[in-house]
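Taking it in order: structure first as structure tokens, then the write-up.
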Amino acid sequence: MTAADVTTALKEKFPQITDRPSLDWPAFDIAPADVLAGLKFLRDDGGYDMLADITAIDDGTDKSPRFTVVWHLLSTTTHNYVRVAAACANDAEPVMPSATGLWPAADWHERETYDMFGITFTGHPDLRRILMWDGYPYFPLRKEFPLAGIETELPDVEVAAETKAKVRPAPMMGGPFVTSSGEFGLGEAEPKAKDESWTERREKPE
Amino acid sequence: MATDFSFPDSAAKTASAASREFSTEKMSLSMGPSHPSTHGVLRVQMELDGDVVTRADPVVGYLHRGDEKIAENMTYNQFVPYTDRLDYLAPLANNVAYAIAVERLAKLEMPPRCQAIRVIVCEMARISAHLMGLGAYGIDVGAWSVFLYTFTEREKLYKLFEELTGARFTTSYTRIGGVARDVPEGWIQRVDAFCDQFLPILDEVLKLLSRNKIFLDRTEDIGVISREDAIAYGLTGPNLRGSGVPLDLRKDKPYSGYEQYEFDVPVGTRGDCYDRYLCRGEEMKQSVRILKQAVAKFPGGEWYAKDAKKIFGPPKDKILSSMEELIQNFMLVTEGPQMPPGEVYFEAENPKGALGFYVVSKGGGVPWRLKIRSPSFCNLSILPKVCVGAMISDVVSILGSLDFVMGECDR
């Protein structure tokens, strides 16, 4: 099947599927309930046999639905990609079905997405943090998480008690210049060390 | 008197006693995060039955720096130095992959000279990364001399990188819409000279390993990954091709003008550590082939997208002498290269596998979301499956053959 055939067949099978704006590969928005069936169809009938990537997009705290999970599939025979996206219904506790039953590769990708965005993948056999440590209280790639970080206890209780050390946020002054995303005026978008402009010598303003 | 009714016949009783005598307690062993064979800061939490691994759980994240979060807070060009620190053994290939991904967003095509420069640096990065992988793998399985040869060759490449980019390691060479500077005079000839002297040395290096009895014993039929598993776990690069899947994005989804060059894609037949080693060795020879062609027909003309005024900056001498160019440069530096809203996903065939960038733009000079799909991360995810049933010394061999980089895995 060519990429166009797959698109037609997919739309016939899932009538409520919609095209997603994309600059490169075919892309679809799909309901969370249909995600697994849709991915299975693409894998078995569409020839997209390799899962390239799973990730999520946080559209900001003021948007609803806020979290969108995105899958990228690759066909090892026709070498085409396809993008499937599904918006999580609940903004406070986003949930998405797990694709680990379809591809074992989904295991680590979903753990990472959970780690960074706090999206729970139902049916995942071992959903725990992968890049941050177990017990880390925040989800760093959510938009409300500041670039400088948030003060956190060290993962090792004994070391923390002994050294009184904590994971401290990084002063931004002299660090990376922060530039804002989207259509802003020159003043706002200008790269600068934003409100995190405190240094090691000057106290962080409350 | 208690009577044991569980064994109806004496043969079963003997068998049970024997197994009880030789069964040992399971032992838990943590390998890494600072173990020489884990090539960086990988920890493998293992459960051992004697010398045999019964469970292996890779613990990653020790080198997590939050690159994706950082990317959301800076302009596209400012993120280029961060891509150096992904696969820090092939920074030039990362630079190129990132630049092409963002250029796809603006539907920007590079002029032939820029494409050729990018192909040349990518292939040089591939050779240098594979040389490093090969040398380290030799040490892992007990062949020291290979490392000395490969590092001598790598040094020559680094001299060329330094001449081109000003840095040996963290090159930051590409810009969105071009490269940082044109190639210096005589550099192309020096690349050509490197290729000529490199091939015989490479043959010599591979000769040290390919028919080496110890090396064969350590790698043959060890860490076998089937074709189906390789696809299901999303392996890419030499690890996928070692298992017999001829997927090479340079060939199958050509970018940056790779379709103009003639080269073969080596594939393995058994998917063991030895096949992955052979694939890397042959890939270096193919890279030299590409380099020779690229050098022979190195095109003239522009080396950056001249018409994309909102994306690539004007030449330095113009900035200092002309008002309009000065303003253009100022806008580019403060606001970043202007990108239309939309999303793209681009994967490049890097030394370790397919390095993917998923760029979501809402317009302006800063990405809204930048996801890095790192090949090392995906390649490592098969470790729990491959290591089970292997001897603990084989784990070292398997880790070396997967040839991962933690900077890229943890991002």
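By order in the structure tokens, chains are A, B, ...; within a chain, residues start at 1; ligands start at 1, following the order shown.
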Backbone-only DSSP, alpha helix (DSSP H) members of region 4-149 of chain B, as a VMD selection string: chain B and resid 10 to 22 67 to 71 80 to 84 91 to 105 112 to 140 144 to 149
Export of the given selection (C-alpha atoms) as a compact mmCIF listing (two decimals), in the first residue's frame:
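Below is the file that was written, again-v8.txt:
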# COMPACT_ATOMS: atom_id res chain seq x y z
CA SER B 10 14.46 -42.88 42.79
CA ALA B 11 15.56 -41.27 39.49
CA ALA B 12 13.46 -38.20 40.17
CA LYS B 13 14.78 -38.06 43.69
CA THR B 14 18.38 -38.09 42.45
CA ALA B 15 17.66 -35.39 39.90
CA SER B 16 16.06 -33.21 42.53
CA ALA B 17 18.97 -33.64 44.90
CA ALA B 18 21.45 -32.82 42.15
CA SER B 19 19.66 -29.65 41.16
CA ARG B 20 19.44 -28.63 44.80
CA GLU B 21 23.15 -29.11 45.20
CA PHE B 22 24.07 -26.94 42.21
CA ASP B 67 18.38 19.71 26.74
CA GLU B 68 14.76 19.70 25.56
CA LYS B 69 13.74 22.18 28.26
CA ILE B 70 16.71 24.39 27.42
CA ALA B 71 15.75 24.33 23.73
CA VAL B 80 23.40 24.45 18.06
CA PRO B 81 26.17 24.16 20.73
CA TYR B 82 23.87 21.95 22.82
CA THR B 83 23.61 19.47 19.95
CA ASP B 84 27.40 19.01 20.17
CA PRO B 91 29.20 16.51 17.11
CA LEU B 92 29.32 17.53 13.47
CA ALA B 93 26.72 14.95 12.49
CA ASN B 94 24.43 16.20 15.27
CA ASN B 95 24.87 19.81 14.14
CA VAL B 96 23.89 18.86 10.61
CA ALA B 97 20.89 16.77 11.69
CA TYR B 98 19.56 19.60 13.84
CA ALA B 99 20.07 22.24 11.17
CA ILE B 100 18.29 20.18 8.52
CA ALA B 101 15.36 19.50 10.87
CA VAL B 102 14.80 23.21 11.48
CA GLU B 103 15.33 24.05 7.82
CA ARG B 104 12.58 21.57 6.92
CA LEU B 105 10.30 23.76 9.05
CA PRO B 112 24.93 22.44 -3.47
CA ARG B 113 28.17 23.63 -1.87
CA CYS B 114 26.60 23.76 1.59
CA GLN B 115 25.10 20.29 1.11
CA ALA B 116 28.47 18.92 0.03
CA ILE B 117 30.22 20.47 3.05
CA ARG B 118 27.61 18.90 5.30
CA VAL B 119 28.00 15.48 3.70
CA ILE B 120 31.77 15.68 4.07
CA VAL B 121 31.66 16.63 7.76
CA CYS B 122 28.98 14.00 8.46
CA GLU B 123 31.07 11.23 6.94
CA MET B 124 34.21 12.43 8.71
CA ALA B 125 32.25 12.41 11.96
CA ARG B 126 31.06 8.89 11.20
CA ILE B 127 34.60 7.67 10.67
CA SER B 128 35.81 9.34 13.86
CA ALA B 129 32.88 7.96 15.89
CA HIS B 130 33.35 4.43 14.57
CA LEU B 131 37.11 4.63 15.19
CA MET B 132 36.39 5.55 18.78
CA GLY B 133 33.78 2.78 19.08
CA LEU B 134 36.14 0.24 17.59
CA GLY B 135 39.07 1.22 19.78
CA ALA B 136 36.96 1.14 22.94
CA TYR B 137 35.42 -2.17 21.93
CA GLY B 138 38.90 -3.61 21.47
CA ILE B 139 39.80 -2.59 25.01
CA ASP B 140 36.52 -4.03 26.33
CA TRP B 144 44.64 -2.91 23.51
CA SER B 145 46.60 -2.22 20.35
CA VAL B 146 43.52 -1.44 18.23
CA PHE B 147 42.83 1.58 20.40
CA LEU B 148 46.29 3.01 19.71
CA TYR B 149 45.83 2.74 15.95
Surrounding residues of Glu349 (chain B) excluding itself and chain neighbours under 6 positions, 7 Å, only C-alpha atoms, as number ranges by chain: B: 237, 248-250, 355
Can I get the residues of chain B within 6 Å of chain A, each with the closest pair of atoms and their distance in Å to one decimal, using only C-alpha atoms, sorted chain first then ascending number, as a tab-separated table?
residue	atom	partner	partner_atom	distance
B:Gly61	CA	A:Leu131	CA	3.9
B:Lys69	CA	A:Leu141	CA	6.0
B:Asn73	CA	A:Val178	CA	5.0
B:Met74	CA	A:Thr179	CA	4.7
B:Ile231	CA	A:Met50	CA	5.7
B:Ala232	CA	A:Trp103	CA	5.4
B:Tyr233	CA	A:Ala105	CA	4.1
B:Gly234	CA	A:Ala105	CA	5.7
B:Thr334	CA	A:Glu190	CA	5.4
B:Glu343	CA	A:Ser22	CA	5.7
B:Val344	CA	A:Leu23	CA	5.9
B:Lys362	CA	A:Gly182	CA	5.2
B:Gly363	CA	A:Gly182	CA	5.2
B:Gly364	CA	A:Gly182	CA	5.2
B:Val366	CA	A:Ser181	CA	4.7
B:Trp368	CA	A:Ser181	CA	5.9
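In this model, the gap between CA of Phe194 (chain B) and CA of Tyr173 (chain B) comes to 20.5 Å.
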Using only C-alpha atoms: which of B:Met284, B:Cys273, B:Leu247, B:Met339 has the shortest distance to Phe198 (chain B): B:Met284
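Of note, CA of Thr269 (chain B) and CA of Leu291 (chain B) are spaced 27.0 Å apart.
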Shell around region 35-45 of chain A at 8 Å using only C-alpha atoms, local window under 4 positions removed, as a VMD selection string: chain A and resid 6 10 14 30 to 31 49 to 50 86 97 to 99 102
Would you write out those residues with C-alpha atoms, as an mmCIF file, in the first residue's frame?
data_model
loop_
_atom_site.group_PDB
_atom_site.id
_atom_site.type_symbol
_atom_site.label_atom_id
_atom_site.label_comp_id
_atom_site.auth_asym_id
_atom_site.auth_seq_id
_atom_site.Cartn_x
_atom_site.Cartn_y
_atom_site.Cartn_z
ATOM 1 C CA VAL A 6 -3.042 3.828 3.924
ATOM 2 C CA LEU A 10 -7.334 4.513 7.923
ATOM 3 C CA PHE A 14 -11.879 5.343 11.837
ATOM 4 C CA ILE A 30 -7.136 10.445 16.755
ATOM 5 C CA ALA A 31 -9.321 9.931 19.818
ATOM 6 C CA ASP A 49 6.388 -1.604 11.381
ATOM 7 C CA MET A 50 8.862 0.448 13.407
ATOM 8 C CA ALA A 86 -4.018 12.157 20.495
ATOM 9 C CA PRO A 97 -3.347 3.835 26.619
ATOM 10 C CA SER A 98 0.076 2.196 26.405
ATOM 11 C CA ALA A 99 1.480 0.874 23.137
ATOM 12 C CA LEU A 102 2.339 -3.405 20.039
#
Near-Thr219 (chain B) list (9 Å; only C-alpha atoms; drop same-chain fewer than 2 positions) as a list in words: Val141, Ile214, Phe215, Leu216, Asp217, Asp221, Ile222, Gly223, Asp272, Cys273, Tyr274, Asp275, Tyr277, Asp394, Ser397, Ile398 and Ser401 of chain B
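Taking CA of Gly242 (chain B) as the reference point, CA of Leu63 (chain B) is found at 27.7 Å.
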All residues 12 Å or closer to Asn329 (chain B), only C-alpha atoms, same chain fewer than 3 positions away omitted, as a PyMOL selection string: chain B and resi 309-320+322-326+332-337
